[in-house]
file coords-v7.txt (compact mmCIF, C-alpha atoms and all ligand atoms)
# COMPACT_ATOMS: atom_id res chain seq x y z
CA MET F 102 4.66 38.78 88.48
CA LYS F 103 7.77 39.84 86.58
CA LYS F 104 6.75 41.76 83.52
CA ILE F 105 3.77 44.07 82.96
CA GLY F 106 2.57 46.14 80.02
CA VAL F 107 0.87 49.51 79.86
CA LEU F 108 -1.20 50.88 76.98
CA THR F 109 -3.55 53.77 76.18
CA SER F 110 -6.75 53.06 74.25
CA GLY F 111 -9.75 54.93 72.80
CA GLY F 112 -9.79 58.73 72.68
CA ASP F 113 -6.72 60.40 74.19
CA ALA F 114 -6.92 62.68 77.21
CA PRO F 115 -4.49 65.09 78.91
CA GLY F 116 -2.91 63.28 81.86
CA MET F 117 -2.53 59.93 80.09
CA ASN F 118 1.22 60.54 79.96
CA ALA F 119 1.29 61.21 83.69
CA ALA F 120 -0.48 57.86 84.23
CA ILE F 121 1.99 56.03 81.94
CA ARG F 122 4.90 57.59 83.85
CA ALA F 123 3.37 56.49 87.16
CA VAL F 124 2.82 52.90 86.00
CA VAL F 125 6.35 52.64 84.58
CA ARG F 126 8.11 54.10 87.60
CA ALA F 127 5.93 52.44 90.25
CA GLY F 128 6.46 49.15 88.39
CA ILE F 129 10.24 49.59 88.27
CA ASN F 130 10.17 50.49 91.96
CA GLN F 131 8.53 47.10 92.60
CA GLY F 132 11.23 45.30 90.61
CA LEU F 133 8.99 44.72 87.58
CA GLU F 134 9.95 45.03 83.93
CA VAL F 135 7.51 47.33 82.13
CA LEU F 136 6.68 47.27 78.42
CA GLY F 137 5.00 50.26 76.77
CA ILE F 138 2.52 48.76 74.29
CA LYS F 139 1.97 51.08 71.32
CA LYS F 140 -1.31 52.14 69.69
CA GLY F 141 -3.66 50.53 72.21
CA TYR F 142 -4.95 47.03 71.51
CA VAL F 143 -3.49 47.19 67.97
CA GLY F 144 -0.02 47.03 69.54
CA LEU F 145 -1.03 44.11 71.72
CA LEU F 146 -2.23 42.19 68.66
CA GLU F 147 0.82 43.00 66.61
CA GLY F 148 3.47 42.92 69.34
CA LEU F 149 4.41 46.62 69.03
CA TYR F 150 6.16 47.71 72.21
CA ASP F 151 9.10 49.47 73.82
CA GLU F 152 10.95 48.29 76.91
CA MET F 153 10.43 51.15 79.32
CA THR F 154 12.99 52.58 81.72
CA ALA F 155 12.63 55.37 84.26
CA ARG F 156 14.22 57.61 81.60
CA SER F 157 11.80 56.66 78.82
CA VAL F 158 9.10 58.51 80.74
CA SER F 159 11.22 61.59 81.50
CA ASP F 160 9.79 64.93 80.44
CA ILE F 161 6.26 63.66 79.72
CA LEU F 162 4.42 64.40 82.99
CA HIS F 163 3.39 67.82 81.74
CA ARG F 164 2.58 66.92 78.13
CA GLY F 165 -0.84 66.29 76.57
CA GLY F 166 -1.55 63.34 74.27
CA THR F 167 0.01 59.95 74.90
CA ILE F 168 3.59 58.92 74.08
CA LEU F 169 2.33 55.36 73.50
CA GLN F 170 -0.30 56.65 71.05
CA SER F 171 -3.87 55.43 71.11
CA ALA F 172 -6.10 53.66 68.64
CA ARG F 173 -9.46 52.01 68.18
CA CYS F 174 -9.10 48.37 67.18
CA LYS F 175 -12.04 46.48 65.65
CA GLU F 176 -10.21 43.15 65.44
CA PHE F 177 -9.72 43.10 69.19
CA LYS F 178 -13.50 43.15 69.74
CA THR F 179 -13.77 39.59 68.38
CA GLN F 180 -13.06 36.41 70.38
CA GLU F 181 -10.27 35.51 67.95
CA GLY F 182 -8.81 38.98 68.46
CA VAL F 183 -8.72 38.61 72.25
CA GLN F 184 -7.18 35.13 71.90
CA LYS F 185 -4.51 36.48 69.55
CA ALA F 186 -3.77 39.33 71.99
CA VAL F 187 -3.35 36.86 74.88
CA GLU F 188 -1.00 34.74 72.76
CA THR F 189 1.09 37.80 71.82
CA ALA F 190 1.18 38.80 75.48
CA LYS F 191 2.51 35.31 76.32
CA GLU F 192 5.13 35.50 73.58
CA ILE F 193 6.47 38.80 74.90
CA GLY F 194 6.31 37.49 78.46
CA LEU F 195 3.60 39.74 79.91
CA ASP F 196 2.19 38.63 83.28
CA GLY F 197 -0.19 41.59 83.60
CA LEU F 198 -1.42 44.71 81.84
CA VAL F 199 -2.62 48.21 82.72
CA VAL F 200 -5.07 49.80 80.25
CA ILE F 201 -5.68 53.55 80.35
CA GLY F 202 -8.88 54.47 78.49
CA GLY F 203 -12.67 54.66 78.57
CA ASP F 204 -15.47 52.13 78.99
CA GLY F 205 -14.89 50.46 75.60
CA SER F 206 -11.27 49.87 76.58
CA PHE F 207 -12.41 48.41 79.92
CA ARG F 208 -14.62 45.88 78.11
CA GLY F 209 -11.44 44.80 76.33
CA ALA F 210 -9.60 44.68 79.68
CA ARG F 211 -12.32 42.43 81.10
CA ASP F 212 -12.04 40.07 78.09
CA LEU F 213 -8.26 39.86 78.54
CA SER F 214 -8.59 39.12 82.26
CA LEU F 215 -11.13 36.37 81.56
CA ALA F 216 -8.81 34.93 78.90
CA GLY F 217 -5.96 34.69 81.44
CA LEU F 218 -4.07 37.99 81.31
CA PRO F 219 -4.74 39.94 84.55
CA THR F 220 -5.63 43.46 83.42
CA VAL F 221 -6.40 46.63 85.38
CA GLY F 222 -8.16 49.67 83.88
CA ILE F 223 -7.49 53.35 84.63
CA PRO F 224 -10.20 55.83 83.53
CA GLY F 225 -8.70 58.30 81.06
CA THR F 226 -11.26 60.35 79.15
CA ILE F 227 -12.12 64.04 79.01
CA ASP F 228 -15.83 63.14 79.04
CA ASN F 229 -15.92 62.11 82.74
CA ASP F 230 -18.45 59.47 81.67
CA ILE F 231 -17.26 56.41 83.60
CA GLY F 232 -20.12 55.42 85.92
CA CYS F 233 -18.00 53.93 88.70
CA SER F 234 -15.55 56.82 89.01
CA ASP F 235 -16.40 60.29 90.27
CA TYR F 236 -13.53 61.60 88.17
CA THR F 237 -11.71 60.62 84.97
CA ILE F 238 -8.23 61.75 83.93
CA GLY F 239 -8.37 64.66 81.48
CA PHE F 240 -11.69 66.18 82.56
CA ASP F 241 -10.25 69.12 84.49
CA THR F 242 -7.80 70.07 81.74
CA ALA F 243 -10.58 69.91 79.13
CA LEU F 244 -12.77 72.16 81.31
CA ASN F 245 -9.99 74.72 81.54
CA THR F 246 -9.39 74.60 77.78
CA VAL F 247 -13.10 75.06 77.05
CA GLN F 248 -13.39 77.86 79.58
CA GLU F 249 -10.44 79.74 78.10
CA ALA F 250 -11.92 79.42 74.58
CA ILE F 251 -15.37 80.54 75.71
CA ASP F 252 -13.94 83.53 77.60
CA LYS F 253 -12.42 84.64 74.29
CA ILE F 254 -15.69 84.10 72.44
CA ARG F 255 -17.39 86.21 75.14
CA ASP F 256 -15.03 89.11 74.44
CA THR F 257 -16.03 89.27 70.80
CA CYS F 258 -19.74 88.65 71.58
CA ARG F 259 -19.62 91.70 73.81
CA SER F 260 -18.08 93.86 71.10
CA HIS F 261 -20.82 93.00 68.61
CA ASP F 262 -23.91 92.45 70.80
CA ARG F 263 -24.08 88.87 69.62
CA CYS F 264 -25.28 85.51 70.78
CA SER F 265 -22.89 82.56 70.64
CA VAL F 266 -23.82 78.92 70.48
CA VAL F 267 -20.84 76.83 71.55
CA GLU F 268 -20.78 73.07 71.08
CA VAL F 269 -18.54 71.19 73.51
CA MET F 270 -17.47 67.53 73.63
CA GLY F 271 -18.65 64.88 76.10
CA ARG F 272 -19.87 62.06 73.90
CA ASP F 273 -23.28 61.01 75.32
CA ALA F 274 -22.73 62.88 78.59
CA GLY F 275 -23.13 66.55 79.52
CA TYR F 276 -20.44 66.92 82.21
CA ILE F 277 -18.23 69.32 80.26
CA ALA F 278 -21.24 71.42 79.19
CA ALA F 279 -22.71 71.56 82.71
CA TYR F 280 -19.46 72.59 84.43
CA VAL F 281 -18.41 75.23 81.91
CA GLY F 282 -21.99 76.43 81.65
CA LEU F 283 -21.72 77.52 85.25
CA SER F 284 -18.10 78.70 85.09
CA CYS F 285 -18.70 80.78 81.95
CA GLY F 286 -22.13 82.17 82.88
CA ALA F 287 -24.12 80.64 80.02
CA GLU F 288 -27.73 81.73 79.50
CA ALA F 289 -28.67 78.18 78.55
CA VAL F 290 -26.90 74.84 78.93
CA ILE F 291 -28.25 71.99 76.86
CA VAL F 292 -27.23 68.48 77.89
CA PRO F 293 -28.39 64.98 76.90
CA GLU F 294 -29.35 64.15 80.50
CA LYS F 295 -32.14 66.75 80.61
CA HIS F 296 -35.04 67.20 78.21
CA PHE F 297 -34.94 70.62 76.60
CA ASP F 298 -37.54 72.70 74.86
CA PHE F 299 -35.77 74.87 72.28
CA LYS F 300 -38.54 77.47 72.26
CA LYS F 301 -38.74 77.91 76.01
CA ASP F 302 -35.18 77.13 77.13
CA VAL F 303 -33.34 78.98 74.37
CA LEU F 304 -35.50 81.35 72.30
CA GLN F 305 -37.61 82.58 75.21
CA SER F 306 -34.58 82.89 77.48
CA ILE F 307 -32.78 85.06 74.91
CA ALA F 308 -35.87 87.20 74.23
CA GLU F 309 -36.41 87.78 77.96
CA GLY F 310 -32.72 88.58 78.37
CA VAL F 311 -32.97 91.21 75.63
CA LYS F 312 -35.94 92.78 77.48
CA ARG F 313 -33.84 92.91 80.65
CA GLY F 314 -31.13 94.76 78.75
CA LYS F 315 -28.78 91.88 77.96
CA GLU F 316 -26.56 92.56 74.99
CA GLN F 317 -24.71 89.26 74.76
CA HIS F 318 -25.84 85.70 75.13
CA LEU F 319 -24.06 82.39 75.48
CA ILE F 320 -25.67 79.03 74.79
CA ILE F 321 -23.64 75.91 75.53
CA VAL F 322 -24.68 72.68 73.92
CA ALA F 323 -23.19 69.23 74.50
CA GLU F 324 -22.27 67.18 71.42
CA GLY F 325 -24.52 64.39 72.70
CA VAL F 326 -27.49 66.66 72.02
CA THR F 327 -26.49 67.93 68.59
CA LYS F 328 -25.83 64.52 67.08
CA ASP F 329 -29.43 63.36 67.51
CA ASN F 330 -31.25 66.69 67.43
CA ILE F 331 -30.53 70.09 65.98
CA SER F 332 -26.92 71.02 65.10
CA ALA F 333 -25.20 74.00 66.73
CA ILE F 334 -25.15 75.74 63.34
CA ASP F 335 -28.90 75.24 62.79
CA MET F 336 -29.52 76.35 66.36
CA ALA F 337 -27.66 79.61 65.68
CA LYS F 338 -29.66 80.18 62.47
CA ARG F 339 -32.96 79.66 64.28
CA ILE F 340 -31.97 81.97 67.14
CA GLU F 341 -31.04 84.75 64.69
CA GLU F 342 -34.22 84.29 62.63
CA GLU F 343 -36.59 84.11 65.58
CA THR F 344 -35.09 86.63 68.02
CA GLY F 345 -33.33 89.03 65.66
CA VAL F 346 -30.12 88.70 67.70
CA GLU F 347 -27.08 88.17 65.48
CA THR F 348 -25.79 84.68 66.35
CA ARG F 349 -22.66 82.66 65.60
CA ALA F 350 -21.96 78.98 66.20
CA THR F 351 -18.60 77.62 67.33
CA ILE F 352 -17.82 73.91 67.47
CA LEU F 353 -14.76 73.66 69.69
CA GLY F 354 -13.80 70.16 68.52
CA HIS F 355 -10.47 68.48 69.20
CA ILE F 356 -8.81 71.47 70.86
CA GLN F 357 -10.59 70.06 73.95
CA ARG F 358 -8.56 66.85 73.88
CA GLY F 359 -5.10 68.44 73.89
CA GLY F 360 -2.96 70.65 76.07
CA ASN F 361 -0.77 70.33 79.13
CA PRO F 362 -2.60 68.51 81.92
CA SER F 363 -3.74 70.54 84.92
CA VAL F 364 -2.45 69.95 88.45
CA LYS F 365 -5.55 67.89 89.24
CA ASP F 366 -5.09 65.63 86.21
CA ARG F 367 -1.39 65.07 86.94
CA VAL F 368 -2.09 64.25 90.58
CA VAL F 369 -5.04 61.91 89.92
CA ALA F 370 -3.18 60.19 87.05
CA SER F 371 -0.09 59.67 89.20
CA LYS F 372 -2.14 58.25 92.07
CA MET F 373 -4.18 55.96 89.81
CA GLY F 374 -1.06 54.70 88.00
CA TYR F 375 0.62 53.92 91.31
CA PHE F 376 -2.53 52.22 92.62
CA ALA F 377 -2.91 50.10 89.47
CA VAL F 378 0.61 48.74 89.97
CA GLU F 379 -0.19 47.90 93.61
CA LEU F 380 -2.99 45.65 92.28
CA ILE F 381 -1.27 44.14 89.28
CA LYS F 382 1.96 43.33 91.14
CA GLU F 383 -0.11 40.93 93.27
CA GLY F 384 -1.59 39.36 90.10
CA ILE F 385 -4.96 41.01 90.78
CA GLY F 386 -6.68 41.71 87.44
CA ASN F 387 -10.19 42.42 86.18
CA ARG F 388 -10.33 45.64 88.24
CA ILE F 389 -11.00 49.28 87.42
CA VAL F 390 -9.20 51.91 89.46
CA ALA F 391 -11.58 54.76 90.26
CA THR F 392 -12.10 57.77 92.51
CA LYS F 393 -14.73 58.04 95.21
CA GLY F 394 -14.59 61.59 96.46
CA ASP F 395 -10.89 62.15 97.14
CA ASP F 396 -10.14 58.46 97.61
CA ILE F 397 -8.72 56.03 95.08
CA VAL F 398 -10.72 52.80 95.07
CA ASP F 399 -11.12 49.81 92.75
CA TYR F 400 -14.01 47.73 91.41
CA ASP F 401 -14.51 44.49 89.57
CA ILE F 402 -14.63 45.55 85.89
CA LEU F 403 -18.11 44.18 85.19
CA GLU F 404 -19.46 45.71 88.41
CA GLY F 405 -17.77 49.02 87.51
CA LEU F 406 -19.16 49.00 83.97
CA ASN F 407 -22.67 48.44 85.33
CA MET F 408 -22.46 51.35 87.75
CA SER F 409 -23.89 54.73 86.82
CA LYS F 410 -23.57 58.25 88.14
CA LYS F 411 -25.79 61.25 87.76
CA LEU F 412 -25.00 64.67 86.41
CA ASP F 413 -25.37 67.15 89.26
CA ALA F 414 -28.69 68.84 88.43
CA GLU F 415 -27.77 71.73 90.76
CA LEU F 416 -25.14 72.86 88.26
CA LEU F 417 -27.83 73.51 85.66
CA LYS F 418 -30.23 75.07 88.13
CA ILE F 419 -27.64 77.47 89.56
CA SER F 420 -26.45 78.35 86.06
CA GLU F 421 -29.98 79.28 85.04
CA ILE F 422 -30.62 81.39 88.13
CA LEU F 423 -27.32 83.24 87.95
CA SER F 424 -27.58 84.06 84.25
CA MET F 425 -30.56 86.40 84.86
P1 LIG F 501 -13.36 57.06 74.80
O1 LIG F 501 -14.82 56.84 75.05
O2 LIG F 501 -12.76 58.06 75.71
O3 LIG F 501 -12.99 57.29 73.39
P2 LIG F 501 -13.13 54.20 74.98
O4 LIG F 501 -12.12 53.32 75.63
O5 LIG F 501 -14.55 54.03 75.43
O6 LIG F 501 -12.61 55.68 75.19
P3 LIG F 501 -13.68 52.88 72.50
O7 LIG F 501 -13.41 53.27 71.08
O8 LIG F 501 -15.07 52.55 72.86
O9 LIG F 501 -13.06 54.02 73.40
O10 LIG F 501 -12.81 51.56 72.82
C1 LIG F 501 -11.41 51.50 72.56
C2 LIG F 501 -11.04 50.10 72.11
O11 LIG F 501 -11.42 49.15 73.13
C3 LIG F 501 -11.78 49.63 70.85
O12 LIG F 501 -11.17 50.04 69.66
C4 LIG F 501 -11.70 48.12 71.01
O13 LIG F 501 -10.45 47.62 70.59
C5 LIG F 501 -11.85 47.93 72.52
N1 LIG F 501 -13.26 47.66 72.82
C6 LIG F 501 -14.29 48.54 72.74
N2 LIG F 501 -15.47 47.96 73.06
C7 LIG F 501 -15.18 46.65 73.32
C8 LIG F 501 -15.96 45.52 73.70
N3 LIG F 501 -17.29 45.61 73.86
N4 LIG F 501 -15.32 44.35 73.90
C9 LIG F 501 -13.99 44.27 73.75
N5 LIG F 501 -13.19 45.29 73.39
C10 LIG F 501 -13.77 46.47 73.18
call {"tool": "encode", "arguments": {"input": "coords-v7.txt", "output": "structure tokens", "more": "lines below"}}
Ligand code: ATP
result
Amino acid sequence: MKKIGVLTSGGDAPGMNAAIRAVVRAGINQGLEVLGIKKGYVGLLEGLYDEMTARSVSDILHRGGTILQSARCKEFKTQEGVQKAVETAKEIGLDGLVVIGGDGSFRGARDLSLAGLPTVGIPGTIDNDIGCSDYTIGFDTALNTVQEAIDKIRDTCRSHDRCSVVEVMGRDAGYIAAYVGLSCGAEAVIVPEKHFDFKKDVLQSIAEGVKRGKEQHLIIVAEGVTKDNISAIDMAKRIEEETGVETRATILGHIQRGGNPSVKDRVVASKMGYFAVELIKEGIGNRIVATKGDDIVDYDILEGLNMSKKLDAELLKISEILSM
């Protein structure tokens, strides 16, 4: 193993830069040449890369986004695309690759490994929705961003005796909603993992709150719920019509994907990047680096992709009890 590549793929997440830095510097420390492949699998298909030095990753540990940029690449999903990527990798002399991204990116990493380019995946997504890893890079920073925004929304809710419906990201998972629901004291937290009854869980909860003297209300809804059911805006309209409480909807959107990574994200990203190099330097590919509790572990990609984890139902239960 002489030369490895590193790329970021899929949606970006705070801490991806810290992982890139770790891969580059741990690789150099092992005597490897490291190429930074640009724009995810697009760069691998088109041969877009920079030769990385310890200095090319200076001053990025604390920055959000990804210096290598990220992309979604349809062509790479085809067999011809994977073949072309392996040929480009050969041309530029890559012996191995580290892919930082989500489960779609890992499917690509598996295809590359099977086609002869040992590839290791590092989970980088704010959604925390990788079944084999307790934690994914970016989740903690996103939680802090959402919490800060909701705290501000609370201030203005209080001034006007309002209800706020806040839609947060998470794709098909409710991790962000469930955690901030508890940390922000939401009256109702609506996630895709749990069936909800709008009348009972939202309208009734607000009406009962009003009877108990509540003057402000916070409803958190995960995007995975709104895309198939009622939108946050329609939810707000219904709440106002049926309870008489003035209600506003806020869709936090991409603010959740940016910002300087938290301590936790920098530490996990640095450890995972280092660990990925430990595998790839031995020519070990087709693995996903993951966390199990506080430990860094690794799984076969297919095994990892087939694993699932459960949203902690206690978070929702405690949230409900404490929002009385
Ligand atoms: P996130 O969910 O955080 O956005 P992700 O990695 O799941 O991250 P995707 O858009 O699903 O994001 O995947 C990123 C890229 O990985 C795709 O553009 C594509 O090039 C590749 N990819 C996705 N799914 C597959 C697949 N089934 N087989 C091969 N490659 C895939």
call {"tool": "residues_around", "arguments": {"input": "coords-v7.txt", "residues": "region 417-421 of chain F", "least_positions_apart": "4", "cutoff": "10 Å", "atoms": "all atoms listed in the file", "output": "list of chain:residue names"}}
result
F:Ala278, F:Ala279, F:Tyr280, F:Val281, F:Gly282, F:Leu283, F:Ser284, F:Cys285, F:Gly286, F:Ala287, F:Glu288, F:Ala289, F:Val290, F:Ile291, F:Val292, F:Lys295, F:Asp302, F:Ser306, F:Leu412, F:Asp413, F:Met425
call {"tool": "residues_around", "arguments": {"input": "coords-v7.txt", "residues": "Gly359 (chain F)", "least_positions_apart": "5", "cutoff": "7 Å", "atoms": "only C-alpha atoms", "output": "PyMOL selection string"}}
result
chain F and resi 114-115+165-166
call {"tool": "closest_residue", "arguments": {"input": "coords-v7.txt", "among": "F:Ala323, F:Ile238, F:Ile307, F:Ala250", "to": "Glu268 (chain F)", "atoms": "only C-alpha atoms"}}
result
F:Ala323
call {"tool": "residues_near_ligand", "arguments": {"input": "coords-v7.txt", "ligand": "ligand LIG 501 (chain F)", "cutoff": "9 Å", "atoms": "all atoms listed in the file", "output": "mmCIF file with C-alpha atoms, keeping the file's coordinate frame"}}
result
data_model
loop_
_atom_site.group_PDB
_atom_site.id
_atom_site.type_symbol
_atom_site.label_atom_id
_atom_site.label_comp_id
_atom_site.auth_asym_id
_atom_site.auth_seq_id
_atom_site.Cartn_x
_atom_site.Cartn_y
_atom_site.Cartn_z
ATOM 1 C CA THR F 109 -3.550 53.770 76.180
ATOM 2 C CA SER F 110 -6.750 53.060 74.250
ATOM 3 C CA GLY F 111 -9.750 54.930 72.800
ATOM 4 C CA GLY F 112 -9.790 58.730 72.680
ATOM 5 C CA ASP F 113 -6.720 60.400 74.190
ATOM 6 C CA ALA F 114 -6.920 62.680 77.210
ATOM 7 C CA GLY F 141 -3.660 50.530 72.210
ATOM 8 C CA TYR F 142 -4.950 47.030 71.510
ATOM 9 C CA VAL F 143 -3.490 47.190 67.970
ATOM 10 C CA SER F 171 -3.870 55.430 71.110
ATOM 11 C CA ALA F 172 -6.100 53.660 68.640
ATOM 12 C CA ARG F 173 -9.460 52.010 68.180
ATOM 13 C CA CYS F 174 -9.100 48.370 67.180
ATOM 14 C CA LYS F 175 -12.040 46.480 65.650
ATOM 15 C CA GLU F 176 -10.210 43.150 65.440
ATOM 16 C CA PHE F 177 -9.720 43.100 69.190
ATOM 17 C CA LYS F 178 -13.500 43.150 69.740
ATOM 18 C CA THR F 179 -13.770 39.590 68.380
ATOM 19 C CA GLN F 180 -13.060 36.410 70.380
ATOM 20 C CA VAL F 183 -8.720 38.610 72.250
ATOM 21 C CA ILE F 201 -5.680 53.550 80.350
ATOM 22 C CA GLY F 202 -8.880 54.470 78.490
ATOM 23 C CA GLY F 203 -12.670 54.660 78.570
ATOM 24 C CA ASP F 204 -15.470 52.130 78.990
ATOM 25 C CA GLY F 205 -14.890 50.460 75.600
ATOM 26 C CA SER F 206 -11.270 49.870 76.580
ATOM 27 C CA PHE F 207 -12.410 48.410 79.920
ATOM 28 C CA ARG F 208 -14.620 45.880 78.110
ATOM 29 C CA GLY F 209 -11.440 44.800 76.330
ATOM 30 C CA ALA F 210 -9.600 44.680 79.680
ATOM 31 C CA ARG F 211 -12.320 42.430 81.100
ATOM 32 C CA ASP F 212 -12.040 40.070 78.090
ATOM 33 C CA LEU F 213 -8.260 39.860 78.540
ATOM 34 C CA PRO F 224 -10.200 55.830 83.530
ATOM 35 C CA GLY F 225 -8.700 58.300 81.060
ATOM 36 C CA THR F 226 -11.260 60.350 79.150
ATOM 37 C CA ILE F 227 -12.120 64.040 79.010
ATOM 38 C CA ASP F 228 -15.830 63.140 79.040
ATOM 39 C CA ASN F 229 -15.920 62.110 82.740
ATOM 40 C CA ASP F 230 -18.450 59.470 81.670
ATOM 41 C CA ILE F 231 -17.260 56.410 83.600
ATOM 42 C CA GLY F 271 -18.650 64.880 76.100
ATOM 43 C CA ARG F 272 -19.870 62.060 73.900
#
call {"tool": "residues_around", "arguments": {"input": "coords-v7.txt", "residues": "Asn330 (chain F)", "least_positions_apart": "3", "cutoff": "12 Å", "atoms": "only C-alpha atoms", "output": "PDB file with C-alpha atoms, keeping the file's coordinate frame"}}
result
ATOM      1  CA  ILE F 291     -28.250  71.990  76.860  1.00  0.00           C
ATOM      2  CA  VAL F 292     -27.230  68.480  77.890  1.00  0.00           C
ATOM      3  CA  PRO F 293     -28.390  64.980  76.900  1.00  0.00           C
ATOM      4  CA  HIS F 296     -35.040  67.200  78.210  1.00  0.00           C
ATOM      5  CA  PHE F 297     -34.940  70.620  76.600  1.00  0.00           C
ATOM      6  CA  ASP F 298     -37.540  72.700  74.860  1.00  0.00           C
ATOM      7  CA  PHE F 299     -35.770  74.870  72.280  1.00  0.00           C
ATOM      8  CA  VAL F 322     -24.680  72.680  73.920  1.00  0.00           C
ATOM      9  CA  ALA F 323     -23.190  69.230  74.500  1.00  0.00           C
ATOM     10  CA  GLU F 324     -22.270  67.180  71.420  1.00  0.00           C
ATOM     11  CA  GLY F 325     -24.520  64.390  72.700  1.00  0.00           C
ATOM     12  CA  VAL F 326     -27.490  66.660  72.020  1.00  0.00           C
ATOM     13  CA  THR F 327     -26.490  67.930  68.590  1.00  0.00           C
ATOM     14  CA  ALA F 333     -25.200  74.000  66.730  1.00  0.00           C
ATOM     15  CA  ILE F 334     -25.150  75.740  63.340  1.00  0.00           C
ATOM     16  CA  ASP F 335     -28.900  75.240  62.790  1.00  0.00           C
ATOM     17  CA  MET F 336     -29.520  76.350  66.360  1.00  0.00           C
TER      18      MET F 336
END
call {"tool": "closest_residue", "arguments": {"input": "coords-v7.txt", "among": "F:Asp366, F:Glu309, F:Asp329, F:Glu152", "to": "Val125 (chain F)", "atoms": "only C-alpha atoms"}}
result
F:Glu152
call {"tool": "closest_residue", "arguments": {"input": "coords-v7.txt", "among": "F:Gly354, F:Gly360, F:Gly314, F:Gly405", "to": "Gly222 (chain F)", "atoms": "all atoms listed in the file"}}
result
F:Gly405
call {"tool": "atom_distance", "arguments": {"input": "coords-v7.txt", "atom1": "CA of Tyr400 (chain F)", "atom2": "CA of Asp235 (chain F)"}}
result
12.8 Å
call {"tool": "closest_residue", "arguments": {"input": "coords-v7.txt", "among": "F:Ala350, F:Val398, F:Met373, F:Leu136", "to": "Leu198 (chain F)", "atoms": "all atoms listed in the file"}}
result
F:Leu136
call {"tool": "closest_residue", "arguments": {"input": "coords-v7.txt", "among": "F:Asp262, F:Asp273, F:Glu383, F:Glu316", "to": "Arg349 (chain F)", "atoms": "only C-alpha atoms"}}
result
F:Asp262
call {"tool": "residues_around", "arguments": {"input": "coords-v7.txt", "residues": "Ile381 (chain F)", "least_positions_apart": "4", "cutoff": "12 Å", "atoms": "only C-alpha atoms", "output": "MDAnalysis selection string"}}
result
chainID F and resid 102:107 124 127:128 131 133 135 195:200 214 218:222 374:377 385:390 399
call {"tool": "residues_around", "arguments": {"input": "coords-v7.txt", "residues": "Gly148 (chain F)", "least_positions_apart": "5", "cutoff": "10 Å", "atoms": "all atoms listed in the file", "output": "ChimeraX atom specification"}}
result
/F:138-139,142-143,186,188-190,192-193
call {"tool": "atom_distance", "arguments": {"input": "coords-v7.txt", "atom1": "CA of Ile331 (chain F)", "atom2": "CA of Ile254 (chain F)"}}
result
21.4 Å
call {"tool": "atom_distance", "arguments": {"input": "coords-v7.txt", "atom1": "CA of Arg164 (chain F)", "atom2": "CA of Asn118 (chain F)"}}
result
6.8 Å
call {"tool": "closest_residue", "arguments": {"input": "coords-v7.txt", "among": "F:Leu108, F:Arg122, F:Lys300, F:Val267", "to": "Gly137 (chain F)", "atoms": "only C-alpha atoms"}}
result
F:Leu108
